[in-house]
Amino acid sequence: MLLQIEHITKCFDDRTAALTDVSFSVGQGEFVSVIGPSGAGKTTLLRILNGAISCDAGSILYQDEHFEAARGRRKRDMQKKTATIYQDFCLVENMSCLQNVLNACLPEMAALPASLGLFSRAQREEAADLLARVGLADKVDEPVKNLSGGQKQRVAIARALLRRPLLLLADEPVASLDPATGRQILELLRGIQQTEHLTVLMNSHNLALAREFSDRLIGLREGQVVFDGPVREATPEVIASIYGAAISE
Ligand code: ADP
């Protein structure tokens, strides 16, 4: 298994129980979507998996190595196995597409070259290749602020891929986009996942798109896993049990 999550619990300071005894596994190359109503704990789960916050109890194993107990360099090595894309892209608007993609290299660089933006030729070539891979070969030097939302998410995907992650975490990646553009972004992600055997764990409140592009769904409700199975097993009754009421797709 690429990722094993065992009995994770997370309580915030105000005693809000965001996740309670969450367990599931993700195999290499799977496209898994976490679905559930607002407040179910989807974002908290992703933030724990990319190391932004820690869990209170439970285990996270990437390729059989414990993540939650790792410290310092080992924790950074494990964080390198993941990359995250976000609903609001998290790009530097005034910088070019190429510079934004290259920013993925900064955590691994020494302070001085990083502060001066001294990237190697190989890094620049790889970043340009990735921009071409996501369909932005003609936007390499364009400032991000001139791009459409869909194009910005493509830059964010290229930046994530430069980290060569084993696991791509996608937090509502198409929630800010119109439906047609959102579908194109998920087609791109699905294509990369299939050709490069990347593993994708996506949070989505768009059930129809999650169903269409995922191999498997995990249903969270009030911080607990109430469904984990292939898309075809997510019947209307299952969906109603996740969302607390029947919803129409
Ligand atoms: P979702 O992504 O499914 O909408 P979240 O993970 O954002 O759910 O939130 C799960 C629960 O944890 C909610 O009750 C939310 O209010 C609470 N929560 C999330 N982040 C924080 C925080 N930083 N401080 C306190 N409570 C939080």
# chains A, B, ... in the order shown; residues from 1 in each chain; ligands from 1

call {"tool": "residues_near_ligand", "arguments": {"ligand": "ligand 1", "cutoff": "10 Å", "atoms": "only C-alpha atoms and all ligand atoms", "output": "PyMOL selection string"}}
result
chain A and resi 10-19+34-48+53+171-172+203-205+220-223

call {"tool": "select_by_dssp", "arguments": {"residues": "range 17-212 of chain A", "states": "strand (DSSP E)", "output": "ChimeraX atom specification"}}
result
/A:17-26,31-35,57-62,65-66,82-86,167-171,199-203

call {"tool": "closest_residue", "arguments": {"among": "A:Asn103, A:Thr199, A:Asn146, A:Thr181", "to": "Tyr62 in chain A", "atoms": "only C-alpha atoms"}}
result
A:Thr199

call {"tool": "closest_residue", "arguments": {"among": "A:Ile8, A:Val231, A:Asp77, A:Ser214", "to": "Asp56 in chain A", "atoms": "only C-alpha atoms"}}
result
A:Ile8

call {"tool": "residues_around", "arguments": {"residues": "Glu68 in chain A", "least_positions_apart": "2", "cutoff": "9 Å", "atoms": "only C-alpha atoms", "output": "list in words"}}
result
Ile48, Leu49, Gly51, Ser54, Cys55, Gly58, Ser59, Ile60, Leu61, His66, Ala70, Arg71 and Lys75 of chain A

call {"tool": "closest_residue", "arguments": {"among": "A:Leu198, A:Leu188, A:Leu3, A:Ala137", "to": "Phe67 in chain A", "atoms": "only C-alpha atoms"}}
result
A:Leu3

call {"tool": "closest_residue", "arguments": {"among": "A:His197, A:Arg154, A:Arg159, A:Arg133", "to": "Ile185 in chain A", "atoms": "only C-alpha atoms"}}
result
A:Arg154

call {"tool": "atom_distance", "arguments": {"atom1": "CA of Gln184 in chain A", "atom2": "CA of Gly150 in chain A"}}
result
8.2 Å

call {"tool": "select_by_dssp", "arguments": {"residues": "chain A", "states": "alpha helix (DSSP H)", "output": "ChimeraX atom specification"}}
result
/A:42-49,72-79,97-102,111-116,121-133,149-162,179-196,207-213,236-243

call {"tool": "atom_distance", "arguments": {"atom1": "CA of Leu116 in chain A", "atom2": "CA of Leu131 in chain A"}}
result
22.2 Å

call {"tool": "closest_residue", "arguments": {"among": "A:Asn100, A:Gln153, A:Gln123, A:Ser25", "to": "Leu186 in chain A", "atoms": "only C-alpha atoms"}}
result
A:Gln153

call {"tool": "residues_around", "arguments": {"residues": "Phe24 in chain A", "least_positions_apart": "3", "cutoff": "9 Å", "atoms": "only C-alpha atoms", "output": "list in words"}}
result
Leu3, Gln4, Ile5, Glu6, His7, Ile218, Val225 and Asp228 of chain A

call {"tool": "residues_around", "arguments": {"residues": "Met95 in chain A", "least_positions_apart": "4", "cutoff": "7 Å", "atoms": "only C-alpha atoms", "output": "list in words"}}
result
Gln99, Asn100, Pro143 and Val144 of chain A

call {"tool": "closest_residue", "arguments": {"among": "A:Leu166, A:Cys97, A:Phe213, A:Leu207", "to": "Gly191 in chain A", "atoms": "only C-alpha atoms"}}
result
A:Phe213

call {"tool": "atom_distance", "arguments": {"atom1": "CA of Gly135 in chain A", "atom2": "CA of Gln151 in chain A"}}
result
8.6 Å

call {"tool": "residues_around", "arguments": {"residues": "Ala104 in chain A", "least_positions_apart": "2", "cutoff": "10 Å", "atoms": "only C-alpha atoms", "output": "PyMOL selection string"}}
result
chain A and resi 83+99-102+106-109+127+156+158-163

call {"tool": "write_last_selection", "arguments": {"atoms": "all heavy atoms", "output": "CSV table (one decimal), in the first residue's frame"}}
result
chain,number,residue,atom,x,y,z
A,83,ALA,N,2.3,16.2,-2.8
A,83,ALA,CA,2.2,17.6,-3.3
A,83,ALA,C,0.7,17.9,-3.3
A,83,ALA,O,-0.1,16.9,-3.4
A,83,ALA,CB,2.8,17.7,-4.7
A,99,GLN,N,8.3,30.6,-13.3
A,99,GLN,CA,8.8,30.9,-11.9
A,99,GLN,C,7.9,30.2,-10.9
A,99,GLN,O,8.4,29.7,-9.9
A,99,GLN,CB,8.9,32.4,-11.6
A,99,GLN,CG,10.1,33.0,-12.3
A,99,GLN,CD,10.0,34.5,-12.2
A,99,GLN,OE1,8.9,35.1,-12.4
A,99,GLN,NE2,11.0,35.2,-11.8
A,100,ASN,N,6.6,30.2,-11.1
A,100,ASN,CA,5.7,29.6,-10.1
A,100,ASN,C,6.0,28.1,-10.1
A,100,ASN,O,6.0,27.5,-9.0
A,100,ASN,CB,4.3,29.8,-10.5
A,100,ASN,CG,3.7,31.0,-9.8
A,100,ASN,OD1,3.3,31.0,-8.7
A,100,ASN,ND2,3.7,32.2,-10.5
A,101,VAL,N,6.2,27.5,-11.2
A,101,VAL,CA,6.5,26.0,-11.2
A,101,VAL,C,7.9,25.8,-10.5
A,101,VAL,O,8.0,24.9,-9.6
A,101,VAL,CB,6.5,25.5,-12.6
A,101,VAL,CG1,6.9,24.0,-12.6
A,101,VAL,CG2,5.2,25.6,-13.3
A,102,LEU,N,8.9,26.6,-10.8
A,102,LEU,CA,10.2,26.4,-10.2
A,102,LEU,C,10.1,26.6,-8.6
A,102,LEU,O,11.0,26.1,-7.9
A,102,LEU,CB,11.2,27.4,-10.8
A,102,LEU,CG,11.6,27.1,-12.2
A,102,LEU,CD1,12.3,28.2,-12.8
A,102,LEU,CD2,12.6,25.8,-12.1
A,106,LEU,N,12.1,25.4,-4.2
A,106,LEU,CA,12.7,26.2,-3.1
A,106,LEU,C,12.9,25.5,-1.8
A,106,LEU,O,14.0,25.7,-1.2
A,106,LEU,CB,11.8,27.5,-2.9
A,106,LEU,CG,11.8,28.5,-4.1
A,106,LEU,CD1,10.8,29.6,-3.7
A,106,LEU,CD2,13.2,29.0,-4.3
A,107,PRO,N,12.0,24.7,-1.3
A,107,PRO,CA,12.3,24.0,0.0
A,107,PRO,C,13.6,23.2,0.0
A,107,PRO,O,14.1,23.0,1.1
A,107,PRO,CB,11.0,23.1,0.2
A,107,PRO,CG,10.0,23.7,-0.7
A,107,PRO,CD,10.7,24.3,-1.8
A,108,GLU,N,14.0,22.7,-1.1
A,108,GLU,CA,15.2,21.8,-1.1
A,108,GLU,C,16.5,22.6,-1.4
A,108,GLU,O,17.6,22.1,-1.4
A,108,GLU,CB,15.1,20.8,-2.2
A,108,GLU,CG,13.7,20.1,-2.4
A,108,GLU,CD,13.2,19.6,-1.1
A,108,GLU,OE1,14.0,19.2,-0.2
A,108,GLU,OE2,11.9,19.6,-0.9
A,109,MET,N,16.4,23.9,-1.7
A,109,MET,CA,17.5,24.7,-2.1
A,109,MET,C,18.2,25.4,-0.9
A,109,MET,O,17.5,25.7,0.1
A,109,MET,CB,17.2,25.8,-3.1
A,109,MET,CG,16.9,25.1,-4.5
A,109,MET,SD,16.1,26.3,-5.7
A,109,MET,CE,17.4,27.5,-5.9
A,127,ALA,N,10.8,22.3,-15.7
A,127,ALA,CA,9.6,23.1,-15.4
A,127,ALA,C,8.9,23.5,-16.7
A,127,ALA,O,7.6,23.4,-16.8
A,127,ALA,CB,10.0,24.4,-14.6
A,156,ALA,N,-0.6,25.2,-11.3
A,156,ALA,CA,-0.4,24.5,-10.0
A,156,ALA,C,-0.2,23.0,-10.1
A,156,ALA,O,0.6,22.5,-9.3
A,156,ALA,CB,-1.7,24.8,-9.2
A,158,ALA,N,1.4,21.6,-12.7
A,158,ALA,CA,2.8,21.5,-13.1
A,158,ALA,C,3.8,21.7,-11.9
A,158,ALA,O,4.7,20.9,-11.8
A,158,ALA,CB,3.1,22.5,-14.2
A,159,ARG,N,3.4,22.7,-11.1
A,159,ARG,CA,4.3,22.9,-9.9
A,159,ARG,C,4.3,21.7,-9.0
A,159,ARG,O,5.3,21.3,-8.5
A,159,ARG,CB,3.8,24.1,-9.1
A,159,ARG,CG,4.6,24.5,-7.9
A,159,ARG,CD,4.0,25.6,-7.1
A,159,ARG,NE,2.7,25.3,-6.7
A,159,ARG,CZ,1.8,26.2,-6.1
A,159,ARG,NH1,2.3,27.4,-5.9
A,159,ARG,NH2,0.6,25.8,-5.8
A,160,ALA,N,3.1,21.1,-8.8
A,160,ALA,CA,3.0,19.9,-8.0
A,160,ALA,C,3.8,18.7,-8.6
A,160,ALA,O,4.5,18.0,-7.8
A,160,ALA,CB,1.5,19.5,-7.8
A,161,LEU,N,3.8,18.6,-9.9
A,161,LEU,CA,4.5,17.4,-10.5
A,161,LEU,C,6.0,17.6,-10.5
A,161,LEU,O,6.7,16.6,-10.5
A,161,LEU,CB,4.0,17.3,-12.0
A,161,LEU,CG,2.6,16.9,-12.2
A,161,LEU,CD1,2.2,16.8,-13.7
A,161,LEU,CD2,2.3,15.5,-11.5
A,162,LEU,N,6.5,18.9,-10.4
A,162,LEU,CA,7.9,19.1,-10.3
A,162,LEU,C,8.5,18.4,-9.0
A,162,LEU,O,9.7,18.1,-9.0
A,162,LEU,CB,8.2,20.6,-10.4
A,162,LEU,CG,9.7,20.9,-10.6
A,162,LEU,CD1,10.1,20.5,-12.0
A,162,LEU,CD2,10.0,22.4,-10.4
A,163,ARG,N,7.7,18.3,-8.0
A,163,ARG,CA,8.1,17.6,-6.8
A,163,ARG,C,8.2,16.1,-6.9
A,163,ARG,O,8.6,15.4,-6.0
A,163,ARG,CB,7.1,18.0,-5.6
A,163,ARG,CG,7.2,19.4,-5.2
A,163,ARG,CD,6.0,19.8,-4.3
A,163,ARG,NE,6.0,19.0,-3.1
A,163,ARG,CZ,6.7,19.2,-2.0
A,163,ARG,NH1,7.5,20.2,-2.0
A,163,ARG,NH2,6.5,18.4,-1.0
